[in-house]
>>> print(open('entry_24.cif').read())   # mmCIF, C-alpha atoms
data_run
#
loop_
_atom_site.label_atom_id
_atom_site.label_comp_id
_atom_site.auth_asym_id
_atom_site.auth_seq_id
_atom_site.Cartn_x
_atom_site.Cartn_y
_atom_site.Cartn_z
CA MET A 1 -53.52 40.10 -60.96
CA LYS A 2 -52.17 36.58 -60.70
CA TYR A 3 -53.41 34.32 -57.92
CA LEU A 4 -52.17 30.96 -56.72
CA VAL A 5 -54.07 28.66 -54.39
CA LEU A 6 -52.15 25.92 -52.59
CA ASN A 7 -54.68 23.37 -51.41
CA GLY A 8 -53.09 21.69 -48.40
CA ASN A 9 -56.12 19.57 -47.49
CA PRO A 10 -54.67 16.07 -47.02
CA TYR A 11 -58.10 14.40 -46.77
CA ARG A 12 -59.48 13.11 -50.06
CA ASP A 13 -62.75 12.17 -48.37
CA ARG A 14 -63.37 15.51 -46.64
CA LYS A 15 -64.72 17.71 -49.36
CA GLU A 16 -65.66 21.00 -47.65
CA MET A 17 -62.28 22.67 -48.14
CA ASP A 18 -61.98 21.47 -51.75
CA GLN A 19 -65.49 22.63 -52.63
CA TYR A 20 -64.86 26.02 -51.03
CA ILE A 21 -61.67 26.42 -53.05
CA ASP A 22 -63.58 25.55 -56.24
CA ARG A 23 -66.08 28.34 -55.55
CA LEU A 24 -63.31 30.79 -54.66
CA PHE A 25 -61.38 29.84 -57.81
CA ALA A 26 -64.45 30.50 -59.96
CA GLY A 27 -65.03 33.84 -58.21
CA ILE A 28 -61.45 35.03 -58.76
CA LYS A 29 -61.59 33.98 -62.39
CA SER A 30 -64.91 35.67 -63.08
CA ALA A 31 -63.50 38.89 -61.60
CA GLY A 32 -61.07 38.81 -64.55
CA HIS A 33 -57.95 37.60 -62.74
CA GLN A 34 -55.56 34.79 -63.56
CA VAL A 35 -55.70 31.95 -61.06
CA GLN A 36 -54.00 28.61 -60.66
CA ALA A 37 -54.57 25.97 -57.97
CA PHE A 38 -52.37 23.09 -56.86
CA VAL A 39 -53.78 20.16 -54.92
CA LEU A 40 -50.73 19.35 -52.87
CA ARG A 41 -51.83 15.85 -51.84
CA ASP A 42 -51.70 14.83 -55.52
CA MET A 43 -48.16 16.13 -55.92
CA LYS A 44 -44.82 14.73 -54.94
CA ILE A 45 -43.31 17.03 -52.31
CA LYS A 46 -40.63 15.71 -49.99
CA PRO A 47 -39.74 17.47 -46.73
CA CYS A 48 -36.81 19.91 -46.72
CA THR A 49 -33.67 18.23 -45.36
CA GLY A 50 -31.94 21.47 -44.30
CA CYS A 51 -28.98 20.82 -46.64
CA PHE A 52 -28.77 24.49 -47.77
CA ASN A 53 -27.60 23.49 -51.23
CA CYS A 54 -30.22 26.00 -52.44
CA TRP A 55 -28.21 28.73 -50.74
CA VAL A 56 -24.57 27.70 -51.12
CA LYS A 57 -24.21 25.18 -53.96
CA ASN A 58 -26.81 25.99 -56.56
CA PRO A 59 -28.18 29.38 -55.46
CA GLY A 60 -31.94 29.61 -55.77
CA ASN A 61 -32.56 25.97 -56.75
CA CYS A 62 -33.54 23.05 -54.53
CA ILE A 63 -31.52 19.90 -55.03
CA ILE A 64 -34.55 17.63 -54.53
CA GLN A 65 -36.17 16.98 -57.88
CA ASP A 66 -39.89 16.87 -57.26
CA ASP A 67 -43.02 19.00 -57.63
CA ALA A 68 -42.01 21.56 -54.97
CA ASN A 69 -39.87 23.32 -57.59
CA GLU A 70 -42.89 23.99 -59.78
CA VAL A 71 -44.82 25.25 -56.75
CA ALA A 72 -41.96 27.65 -55.91
CA ARG A 73 -41.80 28.82 -59.54
CA GLN A 74 -45.53 29.63 -59.63
CA TYR A 75 -45.40 31.12 -56.14
CA ILE A 76 -42.79 33.72 -57.05
CA ALA A 77 -44.65 34.53 -60.29
CA SER A 78 -47.86 35.34 -58.37
CA ASP A 79 -49.18 38.55 -56.84
CA HIS A 80 -51.13 36.78 -54.11
CA VAL A 81 -50.87 33.24 -52.78
CA ILE A 82 -53.70 31.68 -50.78
CA LEU A 83 -52.46 28.90 -48.51
CA ALA A 84 -55.38 26.63 -47.68
CA SER A 85 -55.44 23.93 -45.03
CA PRO A 86 -57.61 22.44 -42.35
CA LEU A 87 -56.19 23.03 -38.88
CA ILE A 88 -54.83 19.70 -37.66
CA MET A 89 -53.74 19.59 -34.03
CA GLY A 90 -54.00 23.37 -34.02
CA PHE A 91 -51.84 24.19 -37.02
CA LEU A 92 -51.50 23.89 -40.81
CA SER A 93 -51.36 20.39 -42.27
CA SER A 94 -47.87 18.89 -42.49
CA LEU A 95 -48.60 18.63 -46.23
CA LEU A 96 -48.80 22.43 -46.52
CA LYS A 97 -46.01 23.08 -44.00
CA ASN A 98 -43.63 20.79 -45.90
CA THR A 99 -44.44 22.73 -49.08
CA MET A 100 -43.76 26.05 -47.35
CA ASP A 101 -40.46 24.73 -45.96
CA ARG A 102 -39.40 23.90 -49.51
CA ASN A 103 -39.76 27.57 -50.52
CA ILE A 104 -36.55 28.70 -48.82
CA PRO A 105 -34.63 28.88 -52.14
CA LEU A 106 -36.79 31.98 -52.75
CA VAL A 107 -34.88 34.00 -50.15
CA HIS A 108 -31.17 34.64 -49.76
CA PRO A 109 -29.02 33.24 -46.92
CA HIS A 110 -27.68 36.68 -46.01
CA LEU A 111 -29.28 38.41 -43.07
CA GLU A 112 -30.26 42.04 -42.76
CA GLU A 113 -32.03 44.25 -40.26
CA LEU A 114 -35.74 44.70 -40.76
CA ASP A 115 -37.76 46.67 -38.18
CA GLY A 116 -35.33 45.93 -35.38
CA GLU A 117 -35.02 42.20 -36.13
CA VAL A 118 -32.78 40.02 -38.22
CA HIS A 119 -34.35 38.47 -41.35
CA HIS A 120 -33.18 36.98 -44.63
CA LYS A 121 -32.44 39.19 -47.60
CA LYS A 122 -34.63 39.06 -50.65
CA ARG A 123 -33.50 37.02 -53.65
CA TYR A 124 -36.29 38.30 -55.90
CA ASP A 125 -37.47 41.87 -56.32
CA LYS A 126 -41.08 41.12 -55.61
CA TYR A 127 -42.88 38.60 -53.39
CA PRO A 128 -46.57 37.75 -53.36
CA VAL A 129 -48.95 38.67 -50.56
CA ILE A 130 -49.79 35.51 -48.59
CA SER A 131 -53.19 34.71 -47.11
CA PHE A 132 -54.51 31.75 -45.17
CA LEU A 133 -57.77 29.91 -45.70
CA LEU A 134 -58.45 27.47 -42.86
CA GLU A 135 -60.95 24.92 -41.65
CA LYS A 136 -61.59 24.60 -37.92
CA GLU A 137 -61.25 21.41 -35.93
CA SER A 138 -64.06 20.42 -33.56
CA PHE A 139 -61.98 21.77 -30.67
CA THR A 140 -60.51 24.94 -32.28
CA ASP A 141 -60.76 27.87 -29.87
CA ALA A 142 -59.81 31.55 -29.90
CA GLU A 143 -56.40 30.76 -28.40
CA ASP A 144 -55.56 28.36 -31.26
CA ILE A 145 -56.51 30.99 -33.82
CA ALA A 146 -54.41 33.63 -32.06
CA ILE A 147 -51.38 31.28 -31.89
CA ALA A 148 -51.65 30.25 -35.55
CA THR A 149 -52.20 33.85 -36.69
CA GLY A 150 -49.16 34.95 -34.69
CA ILE A 151 -47.05 32.42 -36.58
CA PHE A 152 -48.53 33.46 -39.94
CA GLN A 153 -47.62 37.10 -39.27
CA ARG A 154 -44.04 36.01 -38.58
CA GLU A 155 -43.96 33.83 -41.67
CA ALA A 156 -45.11 36.69 -43.86
CA ILE A 157 -42.21 38.83 -42.61
CA ASN A 158 -39.62 36.10 -42.99
CA VAL A 159 -40.61 35.19 -46.54
CA ARG A 160 -40.41 38.93 -47.32
CA SER A 161 -44.10 39.10 -48.00
CA SER A 162 -47.04 40.69 -46.30
CA LEU A 163 -49.97 38.94 -44.67
CA GLY A 164 -53.24 39.40 -46.56
CA PHE A 165 -56.08 37.75 -44.66
CA VAL A 166 -56.72 34.80 -42.37
CA ARG A 167 -60.24 33.37 -42.88
CA PHE A 168 -62.14 30.16 -42.22
CA ILE A 169 -64.23 28.31 -44.76
CA GLU A 170 -67.37 29.11 -42.76
CA THR A 171 -66.95 32.68 -44.12
CA PRO A 172 -69.13 33.35 -47.19
CA VAL A 173 -67.02 33.07 -50.37
CA GLU A 174 -68.09 36.63 -51.34
CA GLU A 175 -66.48 37.98 -48.20
CA VAL A 176 -63.17 36.24 -48.97
CA LEU A 177 -63.35 37.50 -52.55
CA HIS A 178 -63.75 40.99 -51.16
CA ALA A 179 -60.75 40.46 -48.85
CA ILE A 180 -58.73 39.27 -51.85
CA ASN A 181 -59.58 42.42 -53.78
CA ILE A 182 -58.38 44.81 -51.13
CA HIS A 183 -55.00 43.13 -50.62
CA MET B 1 -35.94 9.05 -14.47
CA ARG B 2 -36.52 7.72 -17.93
CA LEU B 3 -36.08 10.34 -20.65
CA THR B 4 -36.98 9.94 -24.31
CA PHE B 5 -35.44 12.54 -26.58
CA ILE B 6 -37.10 12.77 -29.97
CA ASN B 7 -34.78 14.60 -32.31
CA GLY B 8 -37.00 16.18 -34.97
CA SER B 9 -34.18 17.73 -36.98
CA PRO B 10 -34.45 17.01 -40.71
CA ARG B 11 -30.65 16.62 -40.58
CA GLY B 12 -31.01 13.55 -38.40
CA SER B 13 -28.02 12.61 -36.30
CA LYS B 14 -25.85 15.42 -37.71
CA SER B 15 -27.88 18.31 -36.41
CA ASN B 16 -27.37 21.42 -34.33
CA THR B 17 -30.38 20.32 -32.23
CA GLY B 18 -28.57 17.06 -31.43
CA ARG B 19 -25.27 18.82 -30.72
CA LEU B 20 -26.94 20.94 -28.06
CA MET B 21 -28.93 18.06 -26.60
CA ASP B 22 -25.85 15.82 -26.31
CA HIS B 23 -24.74 18.13 -23.50
CA PHE B 24 -28.16 18.14 -21.84
CA ILE B 25 -28.25 14.35 -21.91
CA LYS B 26 -24.73 14.10 -20.53
CA GLY B 27 -25.84 16.21 -17.55
CA PHE B 28 -29.07 14.27 -17.19
CA LEU B 29 -27.23 10.94 -17.02
CA GLU B 30 -25.05 12.13 -14.14
CA THR B 31 -27.86 11.13 -11.79
CA GLU B 32 -27.66 7.44 -10.99
CA ASP B 33 -30.28 5.19 -12.59
CA ASN B 34 -31.40 7.86 -15.08
CA THR B 35 -31.72 6.51 -18.61
CA CYS B 36 -32.15 8.24 -21.94
CA GLU B 37 -33.33 6.89 -25.23
CA ILE B 38 -32.84 8.93 -28.41
CA GLU B 39 -35.18 8.64 -31.37
CA TYR B 40 -34.58 10.38 -34.69
CA LEU B 41 -37.61 11.42 -36.71
CA THR B 42 -35.60 10.96 -39.90
CA LYS B 43 -35.20 7.27 -39.08
CA ASN B 44 -38.87 6.87 -38.11
CA ARG B 45 -40.54 8.54 -41.09
CA ARG B 46 -42.06 5.30 -42.30
CA SER B 47 -43.06 4.12 -38.85
CA LEU B 48 -44.46 7.24 -37.20
CA THR B 49 -47.32 5.24 -35.66
CA ALA B 50 -44.85 3.01 -33.84
CA LEU B 51 -43.01 6.11 -32.62
CA ALA B 52 -46.33 7.59 -31.44
CA GLU B 53 -46.98 4.43 -29.41
CA LYS B 54 -43.52 4.69 -27.92
CA PHE B 55 -44.25 8.31 -27.06
CA ALA B 56 -47.48 7.37 -25.28
CA ALA B 57 -45.67 4.77 -23.17
CA ALA B 58 -42.80 7.09 -22.25
CA GLU B 59 -42.23 8.86 -18.94
CA ASP B 60 -40.62 12.18 -19.86
CA VAL B 61 -40.26 13.25 -23.47
CA ILE B 62 -38.31 16.12 -24.98
CA ILE B 63 -38.98 16.91 -28.63
CA GLY B 64 -36.31 18.98 -30.34
CA PHE B 65 -36.42 20.80 -33.65
CA PRO B 66 -34.93 23.70 -35.59
CA LEU B 67 -37.21 26.58 -36.50
CA TYR B 68 -38.36 26.17 -40.12
CA VAL B 69 -40.31 29.08 -41.59
CA ASP B 70 -41.25 30.31 -38.11
CA ALA B 71 -42.64 27.03 -36.85
CA MET B 72 -41.85 23.34 -36.54
CA PRO B 73 -40.52 21.63 -39.70
CA GLY B 74 -43.29 19.92 -41.72
CA SER B 75 -41.89 16.52 -40.75
CA VAL B 76 -42.24 17.35 -37.03
CA LYS B 77 -45.79 18.54 -37.67
CA GLU B 78 -46.49 15.18 -39.28
CA PHE B 79 -45.40 13.48 -36.06
CA PHE B 80 -47.67 15.77 -34.00
CA GLU B 81 -50.54 14.71 -36.26
CA THR B 82 -49.91 11.02 -35.55
CA LEU B 83 -50.25 11.78 -31.83
CA GLU B 84 -53.90 12.81 -32.22
CA PRO B 85 -55.28 9.36 -31.20
CA PHE B 86 -53.51 9.75 -27.85
CA MET B 87 -55.01 13.15 -27.13
CA GLY B 88 -56.28 13.36 -23.54
CA LYS B 89 -55.27 9.79 -22.64
CA ALA B 90 -54.42 9.10 -19.01
CA ASN B 91 -50.73 8.28 -18.43
CA ASN B 92 -49.46 10.37 -21.32
CA PRO B 93 -45.84 11.43 -20.74
CA ALA B 94 -44.71 14.84 -19.54
CA ILE B 95 -43.33 16.79 -22.51
CA GLY B 96 -40.85 19.55 -23.09
CA PHE B 97 -39.37 21.03 -26.24
CA VAL B 98 -36.07 22.31 -27.46
CA ILE B 99 -36.47 24.86 -30.24
CA GLN B 100 -33.36 26.33 -31.80
CA CYS B 101 -32.99 28.73 -34.69
CA GLY B 102 -30.29 30.13 -36.90
CA PHE B 103 -31.36 33.71 -36.32
CA PRO B 104 -29.24 35.31 -33.62
CA GLU B 105 -32.25 36.41 -31.52
CA THR B 106 -34.61 34.12 -29.65
CA SER B 107 -37.69 36.27 -30.29
CA HIS B 108 -38.24 34.26 -33.51
CA ASN B 109 -39.00 31.13 -31.46
CA ARG B 110 -41.63 32.63 -29.18
CA HIS B 111 -44.70 32.00 -31.33
CA VAL B 112 -44.04 28.32 -31.90
CA GLU B 113 -43.26 28.05 -28.18
CA LYS B 114 -46.85 29.13 -27.51
CA TYR B 115 -48.01 26.46 -29.92
CA CYS B 116 -45.95 23.80 -28.12
CA GLU B 117 -47.39 24.78 -24.75
CA LYS B 118 -50.93 24.61 -26.10
CA PHE B 119 -50.17 21.33 -27.86
CA SER B 120 -49.02 19.82 -24.54
CA ARG B 121 -52.21 20.95 -22.82
CA ARG B 122 -54.33 19.56 -25.63
CA MET B 123 -52.54 16.23 -25.45
CA GLY B 124 -53.15 16.14 -21.69
CA CYS B 125 -49.39 16.01 -21.11
CA ARG B 126 -47.75 17.81 -18.22
CA TYR B 127 -45.70 20.61 -19.85
CA LEU B 128 -42.07 20.67 -18.79
CA GLY B 129 -41.29 23.89 -20.62
CA SER B 130 -39.37 24.81 -23.77
CA ILE B 131 -35.66 25.38 -24.15
CA LEU B 132 -35.20 28.18 -26.65
CA LYS B 133 -31.91 29.04 -28.27
CA GLY B 134 -31.07 31.39 -31.11
CA GLY B 135 -27.84 31.69 -33.07
CA CYS B 136 -27.51 27.97 -33.72
CA GLU B 137 -26.71 27.73 -37.42
CA GLY B 138 -23.20 26.46 -38.02
CA LEU B 139 -22.45 25.55 -34.40
CA ASP B 140 -19.37 23.69 -35.59
CA ILE B 141 -17.82 26.82 -37.09
CA GLN B 142 -18.75 29.28 -34.35
CA PRO B 143 -15.95 30.40 -32.03
CA GLY B 144 -15.44 28.13 -29.02
CA PHE B 145 -15.97 30.89 -26.47
CA LEU B 146 -19.59 31.13 -27.68
CA THR B 147 -20.44 27.47 -28.12
CA ASP B 148 -18.74 26.40 -24.86
CA LYS B 149 -21.12 28.70 -23.04
CA TYR B 150 -24.19 27.22 -24.77
CA TYR B 151 -23.00 23.68 -24.22
CA GLN B 152 -22.22 24.31 -20.55
CA ASN B 153 -25.71 25.70 -19.98
CA PHE B 154 -27.30 22.73 -21.75
CA TYR B 155 -25.22 20.44 -19.55
CA LEU B 156 -26.29 22.26 -16.37
CA LEU B 157 -29.91 22.27 -17.48
CA GLY B 158 -29.75 18.49 -18.05
CA LEU B 159 -27.95 17.94 -14.75
CA GLU B 160 -30.64 19.84 -12.85
CA PHE B 161 -33.44 18.18 -14.81
CA GLY B 162 -31.94 14.79 -14.02
CA LYS B 163 -32.12 15.54 -10.31
CA THR B 164 -35.39 17.45 -10.00
CA GLY B 165 -37.43 16.67 -13.12
CA LYS B 166 -37.69 20.42 -13.74
CA LEU B 167 -36.16 22.73 -16.33
CA ASP B 168 -34.40 25.45 -14.36
CA GLY B 169 -35.94 28.83 -15.15
CA ILE B 170 -32.74 30.79 -14.63
CA ILE B 171 -30.75 28.63 -17.06
CA LEU B 172 -33.61 28.77 -19.58
CA GLU B 173 -33.48 32.54 -19.36
CA LYS B 174 -29.71 32.58 -19.90
CA LEU B 175 -30.00 30.35 -22.96
CA ALA B 176 -32.74 32.51 -24.41
CA ARG B 177 -30.48 35.57 -24.43
CA PRO B 178 -30.43 37.70 -26.46
CA GLU B 179 -34.16 37.96 -26.95
CA HIS B 180 -33.55 40.93 -29.29
CA LEU B 181 -30.35 42.45 -30.60
CA THR B 182 -29.38 46.05 -30.05
CA ALA B 183 -28.51 48.09 -33.15
CA GLU B 184 -24.89 47.81 -32.08
CA ASN B 185 -25.06 43.99 -31.82
CA MET B 186 -26.69 43.81 -35.22
CA ALA B 187 -23.96 45.87 -36.83
CA GLN B 188 -21.45 43.27 -35.59
CA VAL B 189 -23.37 40.04 -35.89
CA ILE B 190 -24.96 40.43 -39.33
CA PRO B 191 -21.73 40.94 -41.35
CA PHE B 192 -20.07 38.17 -39.34
CA ILE B 193 -22.77 35.62 -40.17
CA ASN B 194 -23.04 36.74 -43.80
CA GLN B 195 -19.32 36.44 -44.39
CA GLU B 196 -18.06 33.71 -42.10
CA LEU B 197 -21.01 31.39 -42.43
CA TRP B 198 -22.51 31.97 -45.86
CA ASP B 199 -19.96 33.66 -48.12
CA ALA B 200 -17.25 31.32 -46.88
CA GLN B 201 -19.27 28.28 -47.97
CA MET B 202 -20.18 29.84 -51.31
CA GLU B 203 -16.59 30.78 -51.93
CA LYS B 204 -15.52 27.20 -51.26
CA ASN B 205 -18.17 25.99 -53.68
CA GLY B 206 -17.29 28.60 -56.30
CA THR B 207 -20.83 30.00 -56.23
CA LEU B 208 -20.31 33.40 -54.60
CA ASP B 209 -20.74 35.25 -57.91
CA ARG B 210 -24.09 33.48 -58.44
CA SER B 211 -25.25 34.02 -54.89
CA PHE B 212 -28.15 36.31 -55.90
CA ASN B 213 -29.26 34.23 -58.89
CA LYS B 214 -32.97 34.29 -59.66
CA PRO B 215 -33.41 30.95 -61.45
CA LEU B 216 -37.19 30.74 -61.02
CA LEU B 217 -38.06 34.00 -62.76
CA PRO B 218 -40.61 33.48 -65.54
#
>>> encode(input="entry_24.cif", output="structure tokens")
Amino acid sequence: MKYLVLNGNPYRDRKEMDQYIDRLFAGIKSAGHQVQAFVLRDMKIKPCTGCFNCWVKNPGNCIIQDDANEVARQYIASDHVILASPLIMGFLSSLLKNTMDRNIPLVHPHLEELDGEVHHKKRYDKYPVISFLLEKESFTDAEDIAIATGIFQREAINVRSSLGFVRFIETPVEEVLHAINIH
Amino acid sequence: MRLTFINGSPRGSKSNTGRLMDHFIKGFLETEDNTCEIEYLTKNRRSLTALAEKFAAAEDVIIGFPLYVDAMPGSVKEFFETLEPFMGKANNPAIGFVIQCGFPETSHNRHVEKYCEKFSRRMGCRYLGSILKGGCEGLDIQPGFLTDKYYQNFYLLGLEFGKTGKLDGIILEKLARPEHLTAENMAQVIPFINQELWDAQMEKNGTLDRSFNKPLLP
């Protein structure tokens, strides 16, 4: 299996998320899997401008030349992508959200019916499972987690994926490794 | 009333969000002495802190954005993050949202709507409500009988808001239709969007035969 971790922690001086990812990375590797991690704050990733060139001018390619293209390339080559971010104002970091927005070249502009709703068609035959690894804010409550998880479930459908797990870094690494293995 | 409209569309001043809100603002300004200031996030990317200060000093704020991957665009999220220092401050403005999406049903917008409501509460801002609208991609190429209806409702919503300071629930409900499409609707709408909106552009660009390209395959 091929795993990709997108570290969307924007804070260089807050180490908990980074250290957790290091331990998770080591665990995945020692289980005999391939794993790659990108630290998004060290990469150049501009926000999507909604130009749709990736759909109508140069199908499947983003016109913005920066590191998001390499992220998309590795994403589509993976079996399971772990999107990691502290919750900031109740949702994923803008760093991670901008990166996810830049992945739209991976789907096709055409719409089709999927379980009674309209969604984009697949461009590729296979999409990775996506999971979320989060860090709570001091004020995170059950409602925040339910709202964010609701959005993640939607995102998984719309990027033609399935949602693996949603866990917080207070969970023992072994438990997340177990969750990775069953998805 | 003093309204500040923050247009969070990554397309800046040429956006579907702005097209819809132009009509709302027109209605809003019908009431004497009402004023409206428009801020574009695209023009404020390097000065988000200044925009956050403006936000905190405002009276009524509406933040508009298109749905990007089931939530707010990353650039709008970045603005929300810069508002953290103002969380819970007295005299924060009242806030509302306009969330539009390209999908023909509004159900796609419901989860981020919940986020926006919670965000308002967390900020200590009185929540004005969220205007949700589906079917907004390519507003300029959609038939007039459809867009005139949307624009008229945005105008009426703005007119009413300008008088009462409230977003009219009945108009919000009208704009949010359809929440889901029937199988019959889907059979009509999907081929229409695929051909008239997407294939037409690809044909013009000479890319229709490469439409399903997979350039990122290993």
>>> resolve_selection(input="entry_24.cif", expression="the PyMOL selection byres ((chain A) within 8 of (chain B))", output="number ranges by chain")
A: 47-51, 55-61, 72-73, 76-77, 88-90, 93-101, 108-113, 116-119, 123-124, 144, 147-148, 150-151, 154-155, 158-159
>>> resolve_selection(input="entry_24.cif", expression="the PyMOL selection byres ((chain B and resi 163-175) around 7)", output="JSON, numbers by chain")
{"B": [31, 128, 129, 131, 132, 133, 150, 153, 157, 159, 160, 161, 162, 176, 177]}
>>> atom_distance(input="entry_24.cif", atom1="atom CA of A:Ile130", atom2="atom CA of A:Asp79")
8.8 Å
>>> axis_aligned_box(input="entry_24.cif", around="stretch 45-60 of chain A", padding_each_side="8 Å", output="lines of an AutoDock Vina configuration file")
center_x = -33.8
center_y = 22.7
center_z = -50.4
size_x = 35.1
size_y = 29.9
size_z = 28.3
>>> atom_distance(input="entry_24.cif", atom1="atom CA of B:Phe24", atom2="atom CA of B:Ala50")
25.5 Å
>>> atom_distance(input="entry_24.cif", atom1="atom CA of A:His178", atom2="atom CA of A:Val71")
25.2 Å
>>> resolve_selection(input="entry_24.cif", expression="the PyMOL selection byres ((chain B and resi 97) around 6)", output="PyMOL selection string")
chain B and resi 62-64+96+98+130
>>> closest_residue(input="entry_24.cif", among="B:Leu3, B:Leu139, B:Ile95, B:Cys101", to="B:Tyr127", atoms="only C-alpha atoms")
B:Ile95
>>> residues_around(input="entry_24.cif", residues="A:Leu24", least_positions_apart="3", cutoff="12 Å", atoms="all atoms listed in the file", output="ChimeraX atom specification")
/A:3-5,7,17-21,27-31,33,35-37,82,84,133,169,171-180
>>> closest_residue(input="entry_24.cif", among="B:Gly134, B:Leu67, B:Thr35, B:Ile25", to="B:Gln152", atoms="all atoms listed in the file")
B:Ile25
>>> residues_near_point(input="entry_24.cif", point="(-52.6, 17.9, -48.9)", cutoff="9 Å", atoms="all atoms listed in the file", output="JSON list (two decimals) with C-alpha atoms, in the coordinates of the input")
[["chain", "number", "residue", "atom", "x", "y", "z"],
["A", 6, "LEU", "CA", -52.15, 25.92, -52.59],
["A", 7, "ASN", "CA", -54.68, 23.37, -51.41],
["A", 8, "GLY", "CA", -53.09, 21.69, -48.40],
["A", 9, "ASN", "CA", -56.12, 19.57, -47.49],
["A", 10, "PRO", "CA", -54.67, 16.07, -47.02],
["A", 11, "TYR", "CA", -58.10, 14.40, -46.77],
["A", 12, "ARG", "CA", -59.48, 13.11, -50.06],
["A", 39, "VAL", "CA", -53.78, 20.16, -54.92],
["A", 40, "LEU", "CA", -50.73, 19.35, -52.87],
["A", 41, "ARG", "CA", -51.83, 15.85, -51.84],
["A", 42, "ASP", "CA", -51.70, 14.83, -55.52],
["A", 43, "MET", "CA", -48.16, 16.13, -55.92],
["A", 85, "SER", "CA", -55.44, 23.93, -45.03],
["A", 93, "SER", "CA", -51.36, 20.39, -42.27],
["A", 94, "SER", "CA", -47.87, 18.89, -42.49],
["A", 95, "LEU", "CA", -48.60, 18.63, -46.23],
["A", 96, "LEU", "CA", -48.80, 22.43, -46.52]]
>>> residues_around(input="entry_24.cif", residues="A:Ser131", least_positions_apart="4", cutoff="9 Å", atoms="all atoms listed in the file", output="PyMOL selection string")
chain A and resi 80-84+152+156+162-167+180
>>> write_last_selection(input="entry_24.cif", atoms="C-alpha atoms", output="PDB file, in the coordinates of the input")
ATOM      1  CA  HIS A  80     -51.130  36.780 -54.110  1.00  0.00           C
ATOM      2  CA  VAL A  81     -50.870  33.240 -52.780  1.00  0.00           C
ATOM      3  CA  ILE A  82     -53.700  31.680 -50.780  1.00  0.00           C
ATOM      4  CA  LEU A  83     -52.460  28.900 -48.510  1.00  0.00           C
ATOM      5  CA  ALA A  84     -55.380  26.630 -47.680  1.00  0.00           C
ATOM      6  CA  PHE A 152     -48.530  33.460 -39.940  1.00  0.00           C
ATOM      7  CA  ALA A 156     -45.110  36.690 -43.860  1.00  0.00           C
ATOM      8  CA  SER A 162     -47.040  40.690 -46.300  1.00  0.00           C
ATOM      9  CA  LEU A 163     -49.970  38.940 -44.670  1.00  0.00           C
ATOM     10  CA  GLY A 164     -53.240  39.400 -46.560  1.00  0.00           C
ATOM     11  CA  PHE A 165     -56.080  37.750 -44.660  1.00  0.00           C
ATOM     12  CA  VAL A 166     -56.720  34.800 -42.370  1.00  0.00           C
ATOM     13  CA  ARG A 167     -60.240  33.370 -42.880  1.00  0.00           C
ATOM     14  CA  ILE A 180     -58.730  39.270 -51.850  1.00  0.00           C
TER      15      ILE A 180
END
>>> closest_residue(input="entry_24.cif", among="B:Val61, B:Ala94, B:Leu20, B:Ile6", to="B:Lys43", atoms="all atoms listed in the file")
B:Ile6
